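J.: Have a look at the structure that comes next, please.
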Amino acid sequence: MRGQDVEHVLSWPGLRSEYSRLAPHDGVAVTKPGQIGVVFTGHRDVAYRASGRTRRSDIAPGAATITAGEPVSWLRVSEPTDAVEIYPDPQLVNNVVAQHGLAGVSPRTVIGEMDGVVLAVASRLRQVHLANAGLSDVAASELAHAITRQLLIRYGGADPRAFLAPGRLSAARVDQVSQYIDARLSDPLSIPLLASVMQLSPYHFARTFRAATGMAPHAFVTARRMMRARIILERTAMTVEEAAGMVGYRHIGHFRRAFVLTHGIRPSELLAEYRKIRPVYMTPPP
């Protein structure tokens with residue numbers, strides 16, 4: 001996006017990420033080529049220009065945008081934006097293509113795709129940005145390779161069998177568990193329950209999920225609950241206590257601590273921040 005919009009930029013060998021928290025705008029913002037982005041807050045009736053055409057659509061919270069060889073211009077964004085943009089090093093991508101014999105594989109531009117692997121990697125990087133916490137080169141490399149595999153398979157048409165090493169959860173199964181979690185955020189969730197959905201042992205599920213996404217399952221569940229809670233508070237008239245219950249928290253103290261760790265702001269502070277503009281965006285609870 002525009003340089004003045006970027007709040008935080010981090011780089012590691014093989015990977016760069018940018019975290020942005022933006023106000024609504026009517027001007028043009030540009031997403032550069034070669035990025036994989038997630039808008040955690042989602043957008044309704046957003047206008048954008050890609051591949052020479054102007055379109056309008058809704059983008060669901062947590063959906064991915066992939067820009068291939070050309071930028072995407074966002075012409076009007078009427079809601080606040082909370083987003084992570086991920087830029088794998090082109091040399092890393094070229095090395096992976098050569099290593100797996102994928103000559104001719106070229107990712108395509110996609111707007112608003114629900115993708116469990118991309119969502120998990122972006123959620124992990126968002127945590128690093130907001131907590132201003134370190135991420136080792138080894139951990140960053142795991143994320144870079146996970147996102148590159150997904151870029152080439154799902155958006156470039158590469159054969160997934162070229163990447164599916166023993167002990168790694170496929171992207172389709174990551175999507176399955178991600179959708180299961182999102183549909184049941186208000187319910188009790190556990191590693192044994194999620195493992196049973198995948199028909200795996202709890203240990204094998206936890207290990208393979210992390211290998212595929214770079215994020216532990218329990219951390220992914222917490223991240224999804226906190227993003228849903230933020231959207232509820234920003235877009236509805238629910239109280240903090242009601243929002244906590246909607247995402248499966250029975251103890252308000254636990255909810256507040258997780259919210260601050262995820263967003264860097266207390267739920268009550270978020271409500272105060274949005275008190276003036278929130279009626280414009282209010283919708284039924286997600």
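Residue names in the structure tokens use chain letters A, B, ... in the order shown, residue numbers from 1 in each chain, and ligand numbers from 1 in the order shown.
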Which neighbours of Glu79 (chain A) fall inside 7 Å, counting only C-alpha atoms, when residues of the same chain fewer than 5 positions from it are skipped, and could you give them as a ChimeraX atom specification?

T.: /A:23-24,43

J.: Go ahead and save the picked residues with N, CA and C atoms, as an mmCIF file, in the first residue's frame.

T.:
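Here's the written file result.cif:
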```
data_model
loop_
_atom_site.group_PDB
_atom_site.id
_atom_site.type_symbol
_atom_site.label_atom_id
_atom_site.label_comp_id
_atom_site.auth_asym_id
_atom_site.auth_seq_id
_atom_site.Cartn_x
_atom_site.Cartn_y
_atom_site.Cartn_z
ATOM 1 N N ALA A 23 -7.437 3.936 8.346
ATOM 2 C CA ALA A 23 -8.766 4.518 8.426
ATOM 3 C C ALA A 23 -9.463 4.380 7.072
ATOM 4 N N PRO A 24 -10.788 4.502 7.023
ATOM 5 C CA PRO A 24 -11.479 4.505 5.725
ATOM 6 C C PRO A 24 -10.934 5.617 4.833
ATOM 7 N N HIS A 43 -14.032 -6.300 4.207
ATOM 8 C CA HIS A 43 -14.598 -5.072 3.650
ATOM 9 C C HIS A 43 -15.919 -5.388 2.976
#
```

J.: Show me, as a PyMOL selection string, the residues that have an atom within 12 Å of Arg124 (chain A) when counting only C-alpha atoms, minus same-chain residues fewer than 5 positions from it.

T.: chain A and resi 17+19+38+84+86+117-119+129-131+133-135+139-140+142-144+147+210+213-224+262

J.: Neighbours of Arg55 (chain A) within 12 Å (only C-alpha atoms; same-chain residues fewer than 3 positions away dropped), as a list in words?

T.: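 Everything that qualifies: Asp45, Val46, Ala47, Tyr48, Arg49, Ala50, Ser51, Gly52, Asp58, Ile59, Val72, Ser73, Trp74, Leu75, Arg76 and Ile111 of chain A.
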
J.: List as number ranges by chain the protein and nucleic acid residues near Leu270 (chain A), meaning an atom at most 9 Å away when only C-alpha atoms are counted, but skip any in the same chain fewer than 3 places from it.

T.: A: 230, 233-234, 265-267, 273-275

J.: One number please: CA of Arg228 (chain A) to CA of Ala211 (chain A), in Å, one decimal.

T.: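 Spanning CA of Arg228 (chain A) to CA of Ala211 (chain A) is a straight-line distance of 24.8 Å.
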
J.: Report the closest atom pair, with its distance in Å rounded to one decimal, for each residue of region 153-260 of chain A that has an atom no farther than 12 Å from region 90-98 of chain A; count only C-alpha atoms, sort by chain and then rising residue number, and write it as a tab-separated table.

T.:
```
residue	atom	partner	partner_atom	distance
A:Ile153	CA	A:Val97	CA	10.8
A:Gly156	CA	A:Val97	CA	10.6
A:Gly157	CA	A:Val97	CA	11.9
A:Ala158	CA	A:Val97	CA	9.3
A:Asp159	CA	A:Val97	CA	11.5
A:Ala162	CA	A:Val97	CA	10.3
A:Phe163	CA	A:Val96	CA	9.9
```

J.: Residues within 9 Å of Gly116 (chain A), please, as a PDB file with C-alpha atoms, in the first residue's frame. Count only C-alpha atoms; anything in the same chain fewer than 5 positions from it doesn't count.

T.:
```pdb
ATOM      1  CA  VAL A 121       0.809 -17.518   8.319  1.00  0.00           C
ATOM      2  CA  ALA A 171      -3.598 -27.306   2.259  1.00  0.00           C
ATOM      3  CA  ALA A 172      -7.073 -28.717   1.618  1.00  0.00           C
ATOM      4  CA  ARG A 173      -7.125 -30.263   5.088  1.00  0.00           C
ATOM      5  CA  VAL A 174      -5.865 -27.021   6.635  1.00  0.00           C
ATOM      6  CA  ASP A 175      -8.803 -25.291   4.941  1.00  0.00           C
ATOM      7  CA  GLN A 176     -11.124 -27.927   6.373  1.00  0.00           C
ATOM      8  CA  VAL A 177      -9.991 -27.437   9.946  1.00  0.00           C
ATOM      9  CA  SER A 178      -9.941 -23.639   9.528  1.00  0.00           C
ATOM     10  CA  GLN A 179     -13.560 -23.653   8.350  1.00  0.00           C
ATOM     11  CA  THR A 213       1.150 -23.322   8.637  1.00  0.00           C
TER      12      THR A 213
END
```

J.: Report as a short mmCIF file (atom, residue, chain, number, x, y, z; two decimals) with C-alpha atoms, in the first residue's frame all protein, DNA and RNA residues lying within 12 Å of Ala83 (chain A), evaluated on only C-alpha atoms, omitting residues in the same chain fewer than 2 positions from it.

T.:
```cif
data_model
loop_
_atom_site.label_atom_id
_atom_site.label_comp_id
_atom_site.auth_asym_id
_atom_site.auth_seq_id
_atom_site.Cartn_x
_atom_site.Cartn_y
_atom_site.Cartn_z
CA MET A 1 0.00 0.00 0.00
CA ASP A 5 -0.11 3.88 5.26
CA VAL A 6 2.40 1.24 6.40
CA GLU A 7 2.59 1.12 10.18
CA HIS A 8 5.20 -1.58 10.61
CA SER A 17 5.89 -8.46 5.92
CA GLU A 18 3.99 -5.20 6.41
CA TYR A 19 1.27 -4.61 8.98
CA SER A 20 -1.23 -1.80 8.39
CA ARG A 21 -4.04 -0.36 10.42
CA LEU A 22 -5.81 2.18 8.18
CA ALA A 23 -8.77 4.52 8.43
CA THR A 31 -1.06 -3.11 -3.34
CA ILE A 36 0.04 -12.21 -0.40
CA GLY A 37 -2.26 -10.20 1.84
CA VAL A 38 -4.96 -10.81 4.43
CA VAL A 39 -7.53 -8.21 5.51
CA PHE A 40 -8.54 -9.42 8.95
CA THR A 41 -11.40 -6.95 9.28
CA GLY A 42 -12.86 -7.65 5.85
CA HIS A 43 -14.60 -5.07 3.65
CA PRO A 61 -12.81 -11.09 7.21
CA GLY A 62 -9.61 -13.12 6.93
CA ALA A 63 -9.76 -13.49 3.14
CA ALA A 64 -6.57 -13.47 1.09
CA THR A 65 -5.58 -11.29 -1.84
CA PRO A 80 -11.18 0.56 8.72
CA THR A 81 -8.52 -1.88 7.55
CA GLU A 85 0.93 -8.09 3.46
CA ILE A 86 3.53 -10.82 2.91
CA LEU A 119 -4.62 -17.03 7.08
CA ALA A 122 -0.59 -13.97 8.24
CA SER A 123 -2.03 -14.39 11.75
CA LEU A 125 3.08 -12.50 11.43
CA ARG A 126 0.41 -10.13 12.75
CA GLN A 127 1.19 -11.34 16.27
CA HIS A 129 4.14 -7.10 14.43
CA LEU A 130 1.76 -6.12 17.21
CA MET A 227 -10.44 -11.27 15.27
#
```

J.: Name the residues in contact with region 200-208 of chain A at a cut-off of 6 Å, using only C-alpha atoms, excluding same-chain residues fewer than 4 positions from it; report them as a PDB file with C-alpha atoms, in the first residue's frame.

T.:
```
ATOM      1  CA  GLY A 167       3.978 -35.804   8.062  1.00  0.00           C
ATOM      2  CA  ARG A 168       2.671 -32.594   6.466  1.00  0.00           C
ATOM      3  CA  LEU A 169      -1.017 -31.673   6.446  1.00  0.00           C
ATOM      4  CA  ILE A 191      -6.772 -30.335  20.163  1.00  0.00           C
ATOM      5  CA  PRO A 192      -8.406 -33.806  20.542  1.00  0.00           C
ATOM      6  CA  ALA A 195      -7.723 -33.958  15.597  1.00  0.00           C
ATOM      7  CA  SER A 196     -10.848 -36.125  15.476  1.00  0.00           C
TER       8      SER A 196
END
```

J.: If you run DSSP over the backbone, which residues in region 95-283 of chain A end up strand (DSSP E or B)? Put them as a PyMOL selection string.

T.: chain A and resi 110-113

J.: Just asking: which residues within region 45-276 of chain A are helix (DSSP H, G or I) according to DSSP, as a ChimeraX atom specification?

T.: /A:90-99,116-131,137-154,160-162,171-183,191-198,202-213,217-235,240-246,252-263,267-274

J.: From the options A:Leu271, A:Val9, A:Ala212, A:Val197, which residue's atoms come nearest to Thr236 (chain A), counting only C-alpha atoms?

T.: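 Closest to Thr236 (chain A), using only C-alpha atoms: A:Leu271.
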
J.: Check the smallest atom-to-atom distance from each of A:Ala237, A:Ala146, A:Leu102, A:Val128 to Gly14 (chain A) using only C-alpha atoms, then report the winner.

T.: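 When distances to Gly14 (chain A) are compared using only C-alpha atoms, the smallest one comes from A:Ala146.
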
J.: Nearest to Pro107 (chain A) among A:Gly34, A:Gly27, A:Pro13, A:Pro160, with distances taken over only C-alpha atoms: which residue is it?

T.: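 That would be A:Gly34, the residue with the smallest distance to Pro107 (chain A).
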
J.: Could you check which of A:Glu113, A:Asp89, A:Asp137, A:Glu70 is closest to Val30 (chain A), using only C-alpha atoms?

T.: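 Once distances to Val30 (chain A) are computed over only C-alpha atoms, the minimum belongs to A:Glu70.
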